[in-house]
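> I have a structure I would like to understand better, so I am pasting it below and will then ask my questions one at a time.
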Amino acid sequence: MEYRHAAIPAVAGGLMLTLLLWWAGASADALDLDGATGALGIETVNALRSWLNPWAYDPRPGASVAATADGASYLALRDTAMQIRFVAVFLFYAAGALLLVRRLPAERGWVWQALLALWAWGVVAGTLAVTVSAPWMIASGGRGSYRFLPQLAALASAGRTVLVPLALAAAAWTVFVTRVALRNTEPQPREDVPARTAVVAATVGTAVVAVSVVLLSYQANAARIQTMFTGGGLLGEPGDLLRQWLLLSAWSGPSGVGLWDWLLVLFGDMLLLAVVWCALRWLPGMLTQVSVPAMAVCTVCAVVLGLLVRHLWRVVAVDGGTTSWHLLRAASGLGEGTSAAVLWGTLAGVTATVVLRVTGRGAEAPVRAAAGDRSGE
């Protein structure tokens with residue numbers, strides 16, 4: 001699919017996601033109306049407010065330093081932060097969707113694969129946009145020099161819950177526009193990758209993700225990561241930020257819980273790794289061209305989907321609560337680990353691509369030699 005054709009659904013999806021997030025942020029003011037707490041309950045209102053406020057363009061009363069002499073400047077900084085956030089959402093989503101639409105077009109038989117990839121990428125685009133705009137948001141609070149890195153970690157992890165359903169809607173719209181753009185075109189050929197080569201690449205790529213899930217996410221190791229880099233100054237406390245970008249899970253030994261409950265929690269991590277392995281196993285045959293950017297972006301999407309599957313497993317099988325409080329707490333965990341998914345998904349995708357090319361060349365050499373022998377006869 002040519003760039004000029006792929007750009008139409010990518011831009012359409014980016015605009016849809018940006019408008020949906022703007023609408024969600026504008027809806028936060030409705031939670032302050034009289035009767036909202038009585039109708040929804042204080043727990044629901046507080047949860048919805050925490051989900052929507054990161055995308056609310058208008059500052060809440062008392063949330064800024066507008067009463068000081070430099071109040072107007074701080075408000076201007078907050079406006080700048082929100083402008084950067086919404087522009088970054090559009091740019092990140094459009095750039096990733098452009099690559100996905102070209103390499104994983106939503107043709108007949110491949111629609112659900114494209115939908116899942118675009119859904120996960122919408123969550124990633126929103127997370128990156130919040131992270132990019134966080135320094136301006138910190139400065140708008142008037143305390144940018146105080147514990148800057150912990151503030152950056154806290155702000156970068158906000159607003160993910162509402163991203164999950166809105167990214168799904170934007171992905172569905174992108175797929176629909178893609179289907180319209182492809183209605184008069186022939187199906188594009190896919191890469192022909194030997195099964196053994198794909199299995200080896202998937203195993204190595206999954207092992208990269210397992211470094212975070214199994215090794216770094218162990219409680220003792222995670223504590224060392226968070227506490228070993230401490231000191232003074234503006235950049236003296238990167239522990240929270242490192243934890244957010246390095247850890248895909250959090251687990252410890254079965255002390256304090258039953259063995260069965262401990263195994264149920266660990267099975268969620270195994271589901272995450274299984275989703276990543278299956279995605280890396282099938283990706284070479286789904287892409288129209290196996291390239292480093294395409295494999296990296298698709299692997300990031302696979303890790304995000306694995307995180308969602310793991311979260312669903314823990315909600316259903318581990319927590320098992322059906323009250324409104326349990327459902328709110330479960331929904332608040334949507335999108336967790338997306339920052340680490342960007343890092344480890346990229347590393348896994350690049351590694352899998354390198355393994356594909358190395359093992360692919362190794363597999364082609366005997367075939368070419370055999371063909372040469374037959375031609376000599």
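In the structure tokens, chains take the letters A, B, ... in the order shown, each chain's residues start at 1, and ligands count up from 1 in the order shown.
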Got a sec: who's within 6 Å of range 180-192 of chain A, counting only C-alpha atoms, leaving out chain neighbours fewer than 5 positions off, as a list of chain:residue names?
A:Gly285, A:Leu287, A:Thr288
> Leaving out range 35-44 of chain A and any residue of its chain fewer than 2 positions from it, which residues lie within 12 Å of it when counting only C-alpha atoms, given as a PDB file with C-alpha atoms, in the first residue's frame?

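Once written, out-v1.pdb looks like this:
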```pdb
ATOM      1  CA  ALA A  28     -14.768  16.242  33.288  1.00  0.00           C
ATOM      2  CA  ASP A  29     -16.614  19.470  34.127  1.00  0.00           C
ATOM      3  CA  ALA A  30     -19.883  17.533  34.290  1.00  0.00           C
ATOM      4  CA  LEU A  31     -18.605  15.735  37.397  1.00  0.00           C
ATOM      5  CA  ASP A  32     -18.711  19.053  39.312  1.00  0.00           C
ATOM      6  CA  LEU A  33     -22.395  19.647  38.627  1.00  0.00           C
ATOM      7  CA  ASN A  46     -13.485  10.402  42.082  1.00  0.00           C
ATOM      8  CA  ALA A  47     -12.448   7.579  39.766  1.00  0.00           C
ATOM      9  CA  LEU A  48     -13.896   9.261  36.676  1.00  0.00           C
ATOM     10  CA  ARG A  49     -12.268  12.551  37.653  1.00  0.00           C
ATOM     11  CA  SER A  50      -8.844  10.913  37.937  1.00  0.00           C
ATOM     12  CA  TRP A  51      -9.329   9.300  34.511  1.00  0.00           C
ATOM     13  CA  THR A 323     -18.906  -4.932  43.442  1.00  0.00           C
ATOM     14  CA  SER A 324     -18.708  -1.451  41.969  1.00  0.00           C
ATOM     15  CA  TRP A 325     -15.603  -0.732  44.028  1.00  0.00           C
ATOM     16  CA  HIS A 326     -13.807  -3.781  42.637  1.00  0.00           C
ATOM     17  CA  LEU A 327     -14.824  -2.904  39.091  1.00  0.00           C
ATOM     18  CA  LEU A 328     -13.585   0.674  39.498  1.00  0.00           C
ATOM     19  CA  ARG A 329     -10.282  -0.518  40.884  1.00  0.00           C
ATOM     20  CA  ALA A 331     -10.697  -0.392  35.426  1.00  0.00           C
ATOM     21  CA  SER A 332      -8.118   1.942  36.979  1.00  0.00           C
TER      22      SER A 332
END
```
> Smallest atom-to-atom distance to Arg243 in chain A: which of A:Arg314, A:Gly122, A:Ala296, A:Ala154, using only C-alpha atoms?
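Checking each of A:Arg314, A:Gly122, A:Ala296, A:Ala154 against Arg243 in chain A, counting only C-alpha atoms, the winner is A:Ala154.
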> Neighbours of Ser339 in chain A within 8 Å (only C-alpha atoms; same-chain residues fewer than 5 positions away dropped), as a PyMOL selection string?
chain A and resi 124+127-128+244-245
> Print the selection's residues with N, CA and C atoms to a file, as an mmCIF file, in the first residue's frame.

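Below is the file that was written, part.cif:
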```
data_model
loop_
_atom_site.group_PDB
_atom_site.id
_atom_site.type_symbol
_atom_site.label_atom_id
_atom_site.label_comp_id
_atom_site.auth_asym_id
_atom_site.auth_seq_id
_atom_site.Cartn_x
_atom_site.Cartn_y
_atom_site.Cartn_z
ATOM 1 N N VAL A 124 -0.493 3.403 23.206
ATOM 2 C CA VAL A 124 0.908 3.830 23.221
ATOM 3 C C VAL A 124 1.024 5.309 22.843
ATOM 4 N N THR A 127 0.011 7.495 25.741
ATOM 5 C CA THR A 127 1.015 7.455 26.801
ATOM 6 C C THR A 127 2.226 8.295 26.453
ATOM 7 N N LEU A 128 2.699 8.186 25.227
ATOM 8 C CA LEU A 128 3.850 8.993 24.799
ATOM 9 C C LEU A 128 3.514 10.481 24.800
ATOM 10 N N GLN A 244 8.984 2.657 36.182
ATOM 11 C CA GLN A 244 7.892 2.727 35.219
ATOM 12 C C GLN A 244 8.323 2.280 33.835
ATOM 13 N N TRP A 245 9.565 2.554 33.455
ATOM 14 C CA TRP A 245 10.026 2.242 32.108
ATOM 15 C C TRP A 245 10.721 0.889 31.989
#
```
> When DSSP works through the backbone of this structure, what residues of range 40-276 of chain A end up as alpha helix (DSSP H), shown as a VMD selection string?
chain A and resid 40 42 to 52 71 to 103 111 to 140 148 to 156 163 to 181 195 to 210 219 to 227 239 to 246 259 to 276
> Considering only C-alpha atoms, can you say which of A:Val162, A:Leu104, A:Arg4, A:Ile84 comes closest to Gly25 in chain A?
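Looking only at the distances to Gly25 in chain A, the closest residue turns out to be A:Val162.
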> Quick one: of A:Arg102, A:Arg147, A:Arg108, A:Arg78, who's nearest to Ala134 in chain A, counting only C-alpha atoms?
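Among the listed residues, the smallest separation from Ala134 in chain A belongs to A:Arg78.
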> Which polymer residues have any atom within 10 Å of an atom of Val358 in chain A, counting only C-alpha atoms, with same-chain residues fewer than 5 positions away left out, as a ChimeraX atom specification?
/A:197,201,352-353,363
> Excluding same-chain residues fewer than 5 positions from Val200 in chain A, what lies within 12 Å of it counting only C-alpha atoms, as a list in words?
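Neighbouring residues, sequence-local ones excluded: Val193, Pro194, Ala195, Gly205, Thr206, Ala207, Trp277, Cys278, Leu280, Arg281, Trp282, Pro284, Thr351, Ala352, Thr353, Val354, Val355, Leu356, Arg357, Val358, Thr359 and Gly360 of chain A.
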> Write a file of the selected residues as a compact mmCIF listing (two decimals), in the first residue's frame, keeping C-alpha atoms.

```txt
# COMPACT_ATOMS: atom_id res chain seq x y z
CA VAL A 193 9.22 -16.99 6.27
CA PRO A 194 10.18 -20.59 7.18
CA ALA A 195 8.38 -21.84 10.27
CA GLY A 205 12.29 -11.89 21.16
CA THR A 206 10.10 -13.26 23.95
CA ALA A 207 13.21 -13.92 26.03
CA TRP A 277 5.51 -15.23 21.55
CA CYS A 278 2.45 -15.93 19.39
CA LEU A 280 6.26 -12.69 17.08
CA ARG A 281 5.67 -16.16 15.62
CA TRP A 282 2.88 -14.94 13.32
CA PRO A 284 6.58 -12.35 9.77
CA THR A 351 16.11 -8.49 18.23
CA ALA A 352 13.56 -10.74 16.52
CA THR A 353 14.16 -9.00 13.19
CA VAL A 354 17.92 -9.49 13.46
CA VAL A 355 17.42 -13.17 14.31
CA LEU A 356 15.02 -13.55 11.37
CA ARG A 357 17.56 -12.15 8.95
CA VAL A 358 20.53 -14.07 10.34
CA THR A 359 18.74 -17.43 10.54
CA GLY A 360 16.99 -16.77 7.25
```
> Env of Ser140 in chain A: 7 Å cut, atoms = only C-alpha atoms, seq-sep filter 2 positions within chain, self excluded. Answer as a short mmCIF file (atom, residue, chain, number, x, y, z; two decimals) with N, CA, C and O atoms, in the first residue's frame.

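As written to disk, part.cif reads:
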```
data_model
loop_
_atom_site.label_atom_id
_atom_site.label_comp_id
_atom_site.auth_asym_id
_atom_site.auth_seq_id
_atom_site.Cartn_x
_atom_site.Cartn_y
_atom_site.Cartn_z
N TYR A 74 1.85 30.94 34.58
CA TYR A 74 1.68 29.52 34.87
C TYR A 74 0.49 28.94 34.12
O TYR A 74 0.53 27.80 33.64
N LEU A 75 -0.60 29.70 34.03
CA LEU A 75 -1.75 29.23 33.25
C LEU A 75 -1.39 29.08 31.78
O LEU A 75 -1.85 28.15 31.12
N LEU A 77 1.55 28.32 30.68
CA LEU A 77 2.35 27.10 30.58
C LEU A 77 1.46 25.86 30.54
O LEU A 77 1.73 24.91 29.80
N ARG A 78 0.39 25.87 31.34
CA ARG A 78 -0.52 24.73 31.32
C ARG A 78 -1.23 24.61 29.98
O ARG A 78 -1.41 23.50 29.45
N TRP A 136 6.17 20.50 30.75
CA TRP A 136 5.44 21.76 30.75
C TRP A 136 4.36 21.77 31.83
O TRP A 136 4.12 22.78 32.47
N MET A 137 3.73 20.61 32.04
CA MET A 137 2.72 20.52 33.08
C MET A 137 3.34 20.68 34.47
O MET A 137 2.75 21.31 35.36
N ILE A 138 4.53 20.13 34.67
CA ILE A 138 5.21 20.29 35.96
C ILE A 138 5.58 21.75 36.18
O ILE A 138 5.38 22.30 37.28
N GLY A 142 4.42 25.47 39.28
CA GLY A 142 5.24 26.35 40.08
C GLY A 142 6.25 25.65 40.98
O GLY A 142 6.85 26.28 41.84
#
```
> Could you state the separation of CA of Leu246 in chain A and CA of Ala125 in chain A in Å, given to one decimal place?
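So the two atoms, CA of Leu246 in chain A and CA of Ala125 in chain A, lie 18.2 Å apart.
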> Point out the residue among A:Val130, A:Ile225, A:Leu273, A:Leu312 with the least atom-to-atom distance to Gly333 in chain A, counting only C-alpha atoms.
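With only C-alpha atoms as the atom set, the closest residue is A:Leu312.
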> Which is closer to Val265 in chain A than all the others in A:Val300, A:Gln151, A:Gln289, A:Val318, using only C-alpha atoms?
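Of the candidates, the smallest distance to Val265 in chain A is held by A:Val318.
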> Restricting the calculation to only C-alpha atoms, which member of A:Trp112, A:Trp313, A:Tyr3, A:Phe229 is positioned closest to Gly268 in chain A?
A:Trp313
